[in-house]
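**Student:** What follows is the file final.txt, containing compact mmCIF, C-alpha atoms and all ligand atoms:
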# COMPACT_ATOMS: atom_id res chain seq x y z
CA MET A 216 -42.63 -38.51 -8.78
CA SER A 217 -40.44 -37.26 -11.60
CA GLU A 218 -39.62 -38.48 -15.07
CA LEU A 219 -36.29 -37.87 -16.79
CA LEU A 220 -37.03 -36.56 -20.29
CA LEU A 221 -33.77 -35.10 -21.55
CA ASN A 222 -30.14 -35.81 -20.82
CA THR A 223 -27.49 -34.27 -23.04
CA GLN A 224 -24.29 -32.31 -23.26
CA PHE A 225 -24.89 -28.57 -23.08
CA THR A 226 -22.83 -26.40 -25.41
CA LEU A 227 -23.34 -22.99 -26.96
CA GLU A 228 -23.49 -24.74 -30.33
CA THR A 229 -26.47 -26.83 -29.25
CA ILE A 230 -28.24 -24.32 -27.02
CA ALA A 231 -30.91 -23.45 -29.60
CA GLN A 232 -31.79 -27.09 -30.06
CA ILE A 233 -31.88 -27.67 -26.31
CA ALA A 234 -34.12 -24.66 -25.72
CA ASN A 235 -36.45 -25.95 -28.41
CA GLN A 236 -36.53 -29.42 -26.87
CA LEU A 237 -37.33 -27.94 -23.47
CA LEU A 238 -40.20 -25.92 -24.94
CA GLN A 239 -41.55 -29.06 -26.62
CA LEU A 240 -41.90 -30.62 -23.18
CA ASN A 241 -44.78 -28.24 -22.71
CA GLU A 242 -44.40 -27.05 -19.15
CA LYS A 243 -44.54 -23.32 -18.47
CA THR A 244 -42.88 -23.44 -15.07
CA ILE A 245 -39.22 -24.35 -15.42
CA LEU A 246 -36.69 -24.47 -12.58
CA PHE A 247 -32.99 -24.14 -13.43
CA ASP A 248 -30.87 -25.79 -10.79
CA ALA A 249 -27.17 -25.38 -11.43
CA PRO A 250 -24.01 -23.97 -9.90
CA MET A 251 -22.92 -20.40 -10.42
CA GLY A 252 -21.94 -19.63 -13.99
CA ALA A 253 -23.29 -22.91 -15.39
CA GLY A 254 -25.38 -21.13 -18.03
CA LYS A 255 -28.86 -20.67 -16.53
CA THR A 256 -29.36 -17.08 -17.70
CA THR A 257 -27.92 -17.82 -21.14
CA LEU A 258 -30.37 -20.69 -21.63
CA ILE A 259 -33.32 -18.64 -20.38
CA LYS A 260 -32.41 -15.89 -22.82
CA GLU A 261 -32.52 -18.40 -25.68
CA ILE A 262 -35.90 -19.72 -24.49
CA CYS A 263 -37.30 -16.17 -24.40
CA LYS A 264 -35.98 -15.55 -27.90
CA GLN A 265 -37.65 -18.71 -29.18
CA LEU A 266 -40.92 -17.71 -27.55
CA GLY A 267 -40.72 -14.61 -29.71
CA SER A 268 -40.05 -12.09 -26.96
CA THR A 269 -38.41 -8.96 -28.29
CA ASP A 270 -38.14 -7.25 -24.91
CA ASN A 271 -34.76 -6.22 -23.60
CA PHE A 272 -33.38 -9.20 -21.77
CA SER A 273 -31.27 -8.88 -18.65
CA SER A 274 -30.41 -10.83 -15.54
CA PRO A 275 -32.71 -9.86 -12.65
CA THR A 276 -29.85 -8.60 -10.54
CA TYR A 277 -31.41 -5.97 -8.31
CA GLN A 278 -34.90 -7.36 -8.21
CA LEU A 279 -36.03 -10.93 -7.87
CA VAL A 280 -38.03 -11.06 -11.08
CA ASN A 281 -37.98 -9.59 -14.59
CA GLU A 282 -41.08 -9.49 -16.75
CA TYR A 283 -41.03 -9.93 -20.51
CA THR A 284 -43.92 -10.20 -22.92
CA PHE A 285 -44.37 -12.56 -25.82
CA LEU A 286 -47.21 -13.19 -28.23
CA THR A 287 -49.58 -15.07 -25.93
CA GLY A 288 -48.63 -14.00 -22.43
CA LYS A 289 -45.88 -13.04 -20.07
CA ILE A 290 -42.57 -14.53 -19.13
CA TYR A 291 -41.41 -14.09 -15.54
CA HIS A 292 -37.70 -14.62 -15.10
CA PHE A 293 -36.75 -15.12 -11.47
CA ASP A 294 -33.29 -15.09 -9.96
CA LEU A 295 -33.70 -16.19 -6.35
CA TYR A 296 -30.00 -16.30 -5.52
CA ARG A 297 -30.28 -13.66 -2.82
CA LEU A 298 -33.51 -14.97 -1.35
CA GLN A 299 -33.15 -15.71 2.36
CA SER A 300 -36.47 -17.30 3.19
CA ILE A 301 -39.70 -18.61 1.82
CA GLU A 302 -41.45 -15.63 3.44
CA GLU A 303 -39.63 -13.30 1.04
CA LEU A 304 -41.05 -15.28 -1.84
CA LEU A 305 -44.55 -14.97 -0.40
CA ASP A 306 -43.96 -11.22 0.00
CA ILE A 307 -43.47 -10.77 -3.74
CA GLY A 308 -46.65 -12.76 -4.39
CA PHE A 309 -44.89 -15.71 -5.99
CA GLU A 310 -48.00 -17.85 -6.20
CA ASP A 311 -49.80 -15.17 -8.22
CA TYR A 312 -47.20 -15.49 -10.99
CA LEU A 313 -48.06 -19.14 -11.55
CA GLN A 314 -50.92 -18.54 -13.98
CA PRO A 315 -51.63 -20.86 -16.93
CA ASN A 316 -50.66 -18.29 -19.58
CA ASN A 317 -47.40 -17.27 -17.95
CA TYR A 318 -44.00 -18.80 -18.26
CA CYS A 319 -42.06 -18.81 -14.97
CA LEU A 320 -38.35 -19.44 -15.55
CA ILE A 321 -36.56 -19.65 -12.22
CA GLU A 322 -32.84 -19.54 -11.37
CA TRP A 323 -31.80 -20.72 -7.88
CA PRO A 324 -35.19 -22.39 -7.36
CA THR A 325 -34.82 -24.13 -3.98
CA PHE A 326 -37.40 -22.02 -2.17
CA ALA A 327 -39.73 -21.89 -5.17
CA GLN A 328 -39.81 -25.66 -5.51
CA GLN A 329 -41.39 -25.91 -2.07
CA PHE A 330 -44.54 -24.34 -3.58
CA LEU A 331 -44.76 -26.75 -6.47
CA GLN A 332 -46.03 -30.31 -6.50
CA SER A 333 -46.43 -31.09 -10.18
CA ASN A 334 -46.66 -29.59 -13.66
CA PHE A 335 -43.18 -28.18 -13.73
CA LEU A 336 -39.84 -29.02 -15.32
CA LYS A 337 -36.58 -29.09 -13.48
CA VAL A 338 -33.47 -28.48 -15.53
CA ASP A 339 -30.20 -29.52 -13.90
CA ILE A 340 -26.89 -28.38 -15.31
CA THR A 341 -23.66 -29.86 -14.02
CA VAL A 342 -20.10 -29.08 -15.00
CA GLN A 343 -17.54 -31.85 -14.99
CA GLN A 344 -14.00 -31.18 -16.21
CA ASN A 345 -15.24 -28.09 -18.05
CA ILE A 346 -17.93 -30.03 -19.88
CA ARG A 347 -21.53 -29.06 -19.20
CA TYR A 348 -24.31 -31.60 -18.99
CA LEU A 349 -28.00 -30.84 -18.88
CA SER A 350 -30.89 -33.00 -17.82
CA ALA A 351 -34.57 -32.18 -17.57
CA SER A 352 -37.17 -33.94 -15.50
CA LYS A 353 -40.90 -33.47 -15.43
CA PHE A 354 -42.59 -33.38 -12.06
N1 LIG A 401 -23.53 -24.23 -22.66
C1 LIG A 401 -22.51 -23.38 -22.46
N2 LIG A 401 -21.28 -23.71 -22.83
C2 LIG A 401 -20.23 -22.86 -22.63
N3 LIG A 401 -20.34 -21.66 -22.03
C3 LIG A 401 -21.57 -21.29 -21.63
C4 LIG A 401 -22.71 -22.12 -21.81
N4 LIG A 401 -23.79 -21.49 -21.29
C5 LIG A 401 -23.34 -20.33 -20.81
N5 LIG A 401 -22.01 -20.19 -21.00
C6 LIG A 401 -21.18 -19.05 -20.58
O1 LIG A 401 -21.00 -19.12 -19.17
C7 LIG A 401 -21.03 -17.83 -18.58
C8 LIG A 401 -22.04 -17.77 -17.47
O2 LIG A 401 -23.33 -17.95 -18.02
P1 LIG A 401 -24.66 -17.50 -17.27
O3 LIG A 401 -24.58 -16.10 -16.80
O4 LIG A 401 -25.78 -17.85 -18.19
O5 LIG A 401 -24.64 -18.47 -16.01
P2 LIG A 401 -25.66 -18.53 -14.78
O6 LIG A 401 -25.83 -19.97 -14.47
O7 LIG A 401 -26.89 -17.75 -15.09
O8 LIG A 401 -24.81 -17.80 -13.65
P3 LIG A 401 -25.33 -17.25 -12.22
O9 LIG A 401 -25.25 -18.42 -11.29
O10 LIG A 401 -24.32 -16.19 -11.86
O11 LIG A 401 -26.71 -16.72 -12.40
C9 LIG A 401 -21.31 -16.86 -19.72
O12 LIG A 401 -20.08 -16.29 -20.12
C10 LIG A 401 -21.87 -17.73 -20.82
O13 LIG A 401 -21.58 -17.25 -22.11
MG MG A 402 -27.83 -16.23 -13.97
For the structure just supplied, provide its representation as C-alpha cells.
Ligand SMILES: Nc1ncnc2c1ncn2[C@@H]1O[C@H](COP(=O)(O)OP(=O)(O)OP(=O)(O)O)[C@@H](O)[C@H]1O
Ligand SMILES: [Mg+2]
**Tutor:**
Amino acid sequence: MSELLLNTQFTLETIAQIANQLLQLNEKTILFDAPMGAGKTTLIKEICKQLGSTDNFSSPTYQLVNEYTFLTGKIYHFDLYRLQSIEELLDIGFEDYLQPNNYCLIEWPTFAQQFLQSNFLKVDITVQQNIRYLSASKF
C-alpha cells in the first residue's frame, strides 16, 4: 500500500521548498528512485542543509554510505548504484542503520526497498523533455 503525497515540477528554484515539503511528511527513511543525473544527490544535500547539518557533504562515491550529524541524530546517505546483490547490503549492516533517530537517504534504492515494508517515503524523479518532475509516496 502506498499513498501519493506530493507531485510537482522539480527545479533548482523550488528545491528548498520541495525539501521542506518532504521533511514535513515526517518519514526518516527516504528512497530516491530516479535515472542518472536526475538530481538525487542535489536534493539530499538540500535536505541535509535544512536538517541543520554542517558536515562536509559529498556523494558517497567510493563507499556505499556517508554519515553526517545533525542536532538530534545522524543522517546516513547511501548511494547503492554499484551494489550487486542484497548480500552486499547485509554485509554493511544495512538493517542496523534503520534506527528511529537516524535519517536514511538512499540513492539507487532497489535492493534496500526489499528490506522495507512501511514507514518510508519513496521519491521518484522523472525527466521528460528536459523538465524534471518529482513525486513522493508514503509506504
Ligand atoms: N531540479 C533540478 N533542475 C535542474 N538541474 C538540476 C536539478 N537537480 C539537480 N540538477 C543538476 O543535475 C546535475 C546532476 O545532479 P545530481 O548529481 O544531484 O544527480 P544524481 O541523480 O544524484 O546523479 P547520479 O545518478 O549520478 O547519482 C547537477 O549538475 C545538478 O546541479
Ligand atoms: Mg547522486
**Student:** Which chains and residue numbers are within 8 Å of ligand LIG 401 (chain A), counting only C-alpha atoms and all ligand atoms, if I want them as a list in words?
**Tutor:**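 Using only C-alpha atoms and all ligand atoms, everything at most 8 Å from ligand LIG 401 (chain A) comes to Phe225, Thr226, Leu227, Glu228, Thr229, Ile230, Ala249, Pro250, Met251, Gly252, Ala253, Gly254, Lys255, Thr256, Thr257, Leu258, Ile259, Ser274, Asp294, Tyr296, Glu322, Trp323, Ile346 and Arg347 of chain A.
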**Student:** Taking 3 positions as the minimum chain separation for residues in the same chain, which residues sit within 9 Å of A:Lys353 when counting all atoms listed in the file? Answer as a ChimeraX atom specification.
**Tutor:** /A:216-220,240,242,333-338
**Student:** How many Å separate atom CA of A:Asn281 from atom CA of A:Phe293?
**Tutor:**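 For atom CA of A:Asn281 relative to atom CA of A:Phe293, the distance reads 6.5 Å.
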**Student:** Tell me which of A:Asn222, A:Thr244, A:Gln265, A:Asn316 sits closest to A:His292, counting only C-alpha atoms.
**Tutor:**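 Comparing A:Asn222, A:Thr244, A:Gln265, A:Asn316 against A:His292, the winner is A:Thr244.
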**Student:** So which one's closest to ligand MG 402 (chain A), A:Asp270, A:Ile307, A:Ala231, A:Lys260? Using only C-alpha atoms and all ligand atoms, please.
**Tutor:**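 Among the listed residues, the smallest separation from ligand MG 402 (chain A) belongs to A:Lys260.
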**Student:** Give me the residues near A:Leu349 as a CSV table (one decimal) with C-alpha atoms, in the frame of the given file, where near means some atom within 9 Å (using all atoms listed in the file) and where sequence neighbours in that chain fewer than 6 positions away do not count.
**Tutor:**
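out_3.csv written:
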chain,number,residue,atom,x,y,z
A,221,LEU,CA,-33.8,-35.1,-21.6
A,222,ASN,CA,-30.1,-35.8,-20.8
A,223,THR,CA,-27.5,-34.3,-23.0
A,224,GLN,CA,-24.3,-32.3,-23.3
A,225,PHE,CA,-24.9,-28.6,-23.1
A,233,ILE,CA,-31.9,-27.7,-26.3
A,338,VAL,CA,-33.5,-28.5,-15.5
A,339,ASP,CA,-30.2,-29.5,-13.9
A,340,ILE,CA,-26.9,-28.4,-15.3
A,341,THR,CA,-23.7,-29.9,-14.0
A,342,VAL,CA,-20.1,-29.1,-15.0
**Student:** Figure out the distance between atom CA of A:Leu331 and atom CA of A:Leu295, please, to one decimal in Å.
**Tutor:**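 So the two atoms, atom CA of A:Leu295 and atom CA of A:Leu331, lie 15.3 Å apart.
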**Student:** Rounded to one decimal place, report the atom CA of A:Gly267-atom CA of A:Ala234 distance in Å.
**Tutor:**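 Calculated distance between atom CA of A:Gly267 and atom CA of A:Ala234 is 12.7 Å.
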**Student:** Edge lengths and centre, in Å to one decimal, as lines of an AutoDock Vina configuration file: that's what I need for the box along x, y and z that holds all listed atoms of stretch 236-252 of chain A plus 8 Å on each side.
**Tutor:**
center_x = -33.4
center_y = -25.1
center_z = -18.4
size_x = 38.8
size_y = 27.0
size_z = 33.0
**Student:** Name the closest residue to A:Phe247 among the candidates A:Ala351, A:Leu279, A:Ile262, A:Leu286; distances are taken between atoms, counting all atoms listed in the file.
**Tutor:**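 Closest residue, counting all atoms listed in the file: A:Ala351.
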**Student:** Taking all atoms listed in the file into account, name the residue in A:Phe330, A:Ile321, A:Asn345, A:Thr287 that is nearest to A:Leu246.
**Tutor:**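 Among the listed residues, the smallest separation from A:Leu246 belongs to A:Ile321.
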**Student:** Tell me which of A:Ser300, A:Asn317, A:Ser273, A:Gln329 sits closest to ligand MG 402 (chain A), counting only C-alpha atoms and all ligand atoms.
**Tutor:**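 Using only C-alpha atoms and all ligand atoms, ligand MG 402 (chain A) sits closest to A:Ser273.
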**Student:** From the set A:Cys319, A:Asn235, A:Gln328, A:Ser350, which residue has the shortest atom-to-atom contact distance to A:Ile301, counting all atoms listed in the file?
**Tutor:**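 Closest residue, counting all atoms listed in the file: A:Gln328.
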**Student:** Please write stretch 251-340 of chain A of the preceding block to a file containing C-alpha atoms, as a PDB file, in the first residue's frame?
**Tutor:**
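Final file, part.pdb:
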ATOM      1  CA  MET A 251      21.299   9.040 -13.559  1.00  0.00           C
ATOM      2  CA  GLY A 252      21.782  12.770 -13.188  1.00  0.00           C
ATOM      3  CA  ALA A 253      18.150  13.468 -12.258  1.00  0.00           C
ATOM      4  CA  GLY A 254      19.126  15.367  -9.113  1.00  0.00           C
ATOM      5  CA  LYS A 255      19.072  12.842  -6.252  1.00  0.00           C
ATOM      6  CA  THR A 256      22.317  13.990  -4.616  1.00  0.00           C
ATOM      7  CA  THR A 257      21.439  17.656  -5.057  1.00  0.00           C
ATOM      8  CA  LEU A 258      18.110  17.155  -3.299  1.00  0.00           C
ATOM      9  CA  ILE A 259      19.670  15.124  -0.489  1.00  0.00           C
ATOM     10  CA  LYS A 260      22.213  17.885   0.049  1.00  0.00           C
ATOM     11  CA  GLU A 261      19.390  20.400   0.460  1.00  0.00           C
ATOM     12  CA  ILE A 262      17.588  18.098   2.909  1.00  0.00           C
ATOM     13  CA  CYS A 263      20.774  17.755   4.990  1.00  0.00           C
ATOM     14  CA  LYS A 264      21.182  21.525   4.990  1.00  0.00           C
ATOM     15  CA  GLN A 265      17.618  22.006   6.198  1.00  0.00           C
ATOM     16  CA  LEU A 266      18.157  19.454   8.951  1.00  0.00           C
ATOM     17  CA  GLY A 267      20.932  21.724  10.137  1.00  0.00           C
ATOM     18  CA  SER A 268      23.858  19.505   9.245  1.00  0.00           C
ATOM     19  CA  THR A 269      27.057  21.472   8.862  1.00  0.00           C
ATOM     20  CA  ASP A 270      29.210  18.468   7.964  1.00  0.00           C
ATOM     21  CA  ASN A 271      31.046  18.399   4.672  1.00  0.00           C
ATOM     22  CA  PHE A 272      28.653  16.954   2.153  1.00  0.00           C
ATOM     23  CA  SER A 273      29.787  14.724  -0.685  1.00  0.00           C
ATOM     24  CA  SER A 274      28.459  11.966  -2.872  1.00  0.00           C
ATOM     25  CA  PRO A 275      29.311   8.541  -1.418  1.00  0.00           C
ATOM     26  CA  THR A 276      31.375   7.559  -4.416  1.00  0.00           C
ATOM     27  CA  TYR A 277      33.910   5.095  -3.065  1.00  0.00           C
ATOM     28  CA  GLN A 278      31.875   3.774  -0.186  1.00  0.00           C
ATOM     29  CA  LEU A 279      28.223   2.883  -0.069  1.00  0.00           C
ATOM     30  CA  VAL A 280      27.294   5.249   2.738  1.00  0.00           C
ATOM     31  CA  ASN A 281      28.282   8.654   4.111  1.00  0.00           C
ATOM     32  CA  GLU A 282      27.489   9.683   7.659  1.00  0.00           C
ATOM     33  CA  TYR A 283      26.595  13.217   8.668  1.00  0.00           C
ATOM     34  CA  THR A 284      25.445  14.527  12.015  1.00  0.00           C
ATOM     35  CA  PHE A 285      22.696  16.978  12.781  1.00  0.00           C
ATOM     36  CA  LEU A 286      21.208  18.290  16.002  1.00  0.00           C
ATOM     37  CA  THR A 287      19.213  15.235  17.052  1.00  0.00           C
ATOM     38  CA  GLY A 288      20.886  12.308  15.341  1.00  0.00           C
ATOM     39  CA  LYS A 289      22.665  11.037  12.304  1.00  0.00           C
ATOM     40  CA  ILE A 290      21.996  11.152   8.608  1.00  0.00           C
ATOM     41  CA  TYR A 291      23.109   8.172   6.542  1.00  0.00           C
ATOM     42  CA  HIS A 292      23.383   8.940   2.849  1.00  0.00           C
ATOM     43  CA  PHE A 293      23.552   5.800   0.752  1.00  0.00           C
ATOM     44  CA  ASP A 294      24.457   5.513  -2.903  1.00  0.00           C
ATOM     45  CA  LEU A 295      23.773   1.916  -3.885  1.00  0.00           C
ATOM     46  CA  TYR A 296      24.498   2.334  -7.585  1.00  0.00           C
ATOM     47  CA  ARG A 297      27.352  -0.154  -7.549  1.00  0.00           C
ATOM     48  CA  LEU A 298      25.627  -2.673  -5.321  1.00  0.00           C
ATOM     49  CA  GLN A 299      25.454  -6.095  -6.964  1.00  0.00           C
ATOM     50  CA  SER A 300      23.357  -8.061  -4.517  1.00  0.00           C
ATOM     51  CA  ILE A 301      21.273  -7.894  -1.410  1.00  0.00           C
ATOM     52  CA  GLU A 302      24.024  -9.827   0.389  1.00  0.00           C
ATOM     53  CA  GLU A 303      26.351  -6.834  -0.019  1.00  0.00           C
ATOM     54  CA  LEU A 304      23.771  -4.701   1.726  1.00  0.00           C
ATOM     55  CA  LEU A 305      23.569  -7.189   4.583  1.00  0.00           C
ATOM     56  CA  ASP A 306      27.374  -7.157   4.771  1.00  0.00           C
ATOM     57  CA  ILE A 307      27.437  -3.443   5.575  1.00  0.00           C
ATOM     58  CA  GLY A 308      24.785  -3.986   8.253  1.00  0.00           C
ATOM     59  CA  PHE A 309      22.061  -2.067   6.448  1.00  0.00           C
ATOM     60  CA  GLU A 310      19.336  -3.010   8.900  1.00  0.00           C
ATOM     61  CA  ASP A 311      21.330  -1.539  11.788  1.00  0.00           C
ATOM     62  CA  TYR A 312      21.181   1.901  10.169  1.00  0.00           C
ATOM     63  CA  LEU A 313      17.391   1.942  10.298  1.00  0.00           C
ATOM     64  CA  GLN A 314      17.101   3.328  13.829  1.00  0.00           C
ATOM     65  CA  PRO A 315      14.325   5.741  14.853  1.00  0.00           C
ATOM     66  CA  ASN A 316      16.673   8.708  15.364  1.00  0.00           C
ATOM     67  CA  ASN A 317      18.519   8.301  12.083  1.00  0.00           C
ATOM     68  CA  TYR A 318      17.671   9.617   8.693  1.00  0.00           C
ATOM     69  CA  CYS A 319      18.464   7.153   5.886  1.00  0.00           C
ATOM     70  CA  LEU A 320      18.520   8.876   2.489  1.00  0.00           C
ATOM     71  CA  ILE A 321      19.086   6.317  -0.234  1.00  0.00           C
ATOM     72  CA  GLU A 322      20.040   6.739  -3.903  1.00  0.00           C
ATOM     73  CA  TRP A 323      19.547   3.718  -6.213  1.00  0.00           C
ATOM     74  CA  PRO A 324      17.321   2.020  -3.619  1.00  0.00           C
ATOM     75  CA  THR A 325      16.129  -1.143  -5.396  1.00  0.00           C
ATOM     76  CA  PHE A 326      17.906  -3.579  -3.089  1.00  0.00           C
ATOM     77  CA  ALA A 327      17.184  -1.505   0.018  1.00  0.00           C
ATOM     78  CA  GLN A 328      13.462  -1.421  -0.669  1.00  0.00           C
ATOM     79  CA  GLN A 329      13.342  -5.197  -0.322  1.00  0.00           C
ATOM     80  CA  PHE A 330      14.052  -4.716   3.411  1.00  0.00           C
ATOM     81  CA  LEU A 331      11.297  -2.200   3.949  1.00  0.00           C
ATOM     82  CA  GLN A 332       7.585  -2.798   4.315  1.00  0.00           C
ATOM     83  CA  SER A 333       6.280   0.502   5.641  1.00  0.00           C
ATOM     84  CA  ASN A 334       7.245   3.790   7.262  1.00  0.00           C
ATOM     85  CA  PHE A 335       9.293   5.083   4.390  1.00  0.00           C
ATOM     86  CA  LEU A 336       8.943   7.623   1.604  1.00  0.00           C
ATOM     87  CA  LYS A 337       9.755   6.954  -1.993  1.00  0.00           C
ATOM     88  CA  VAL A 338      10.696   9.944  -4.096  1.00  0.00           C
ATOM     89  CA  ASP A 339      10.546   9.416  -7.847  1.00  0.00           C
ATOM     90  CA  ILE A 340      12.129  11.898 -10.217  1.00  0.00           C
TER      91      ILE A 340
END
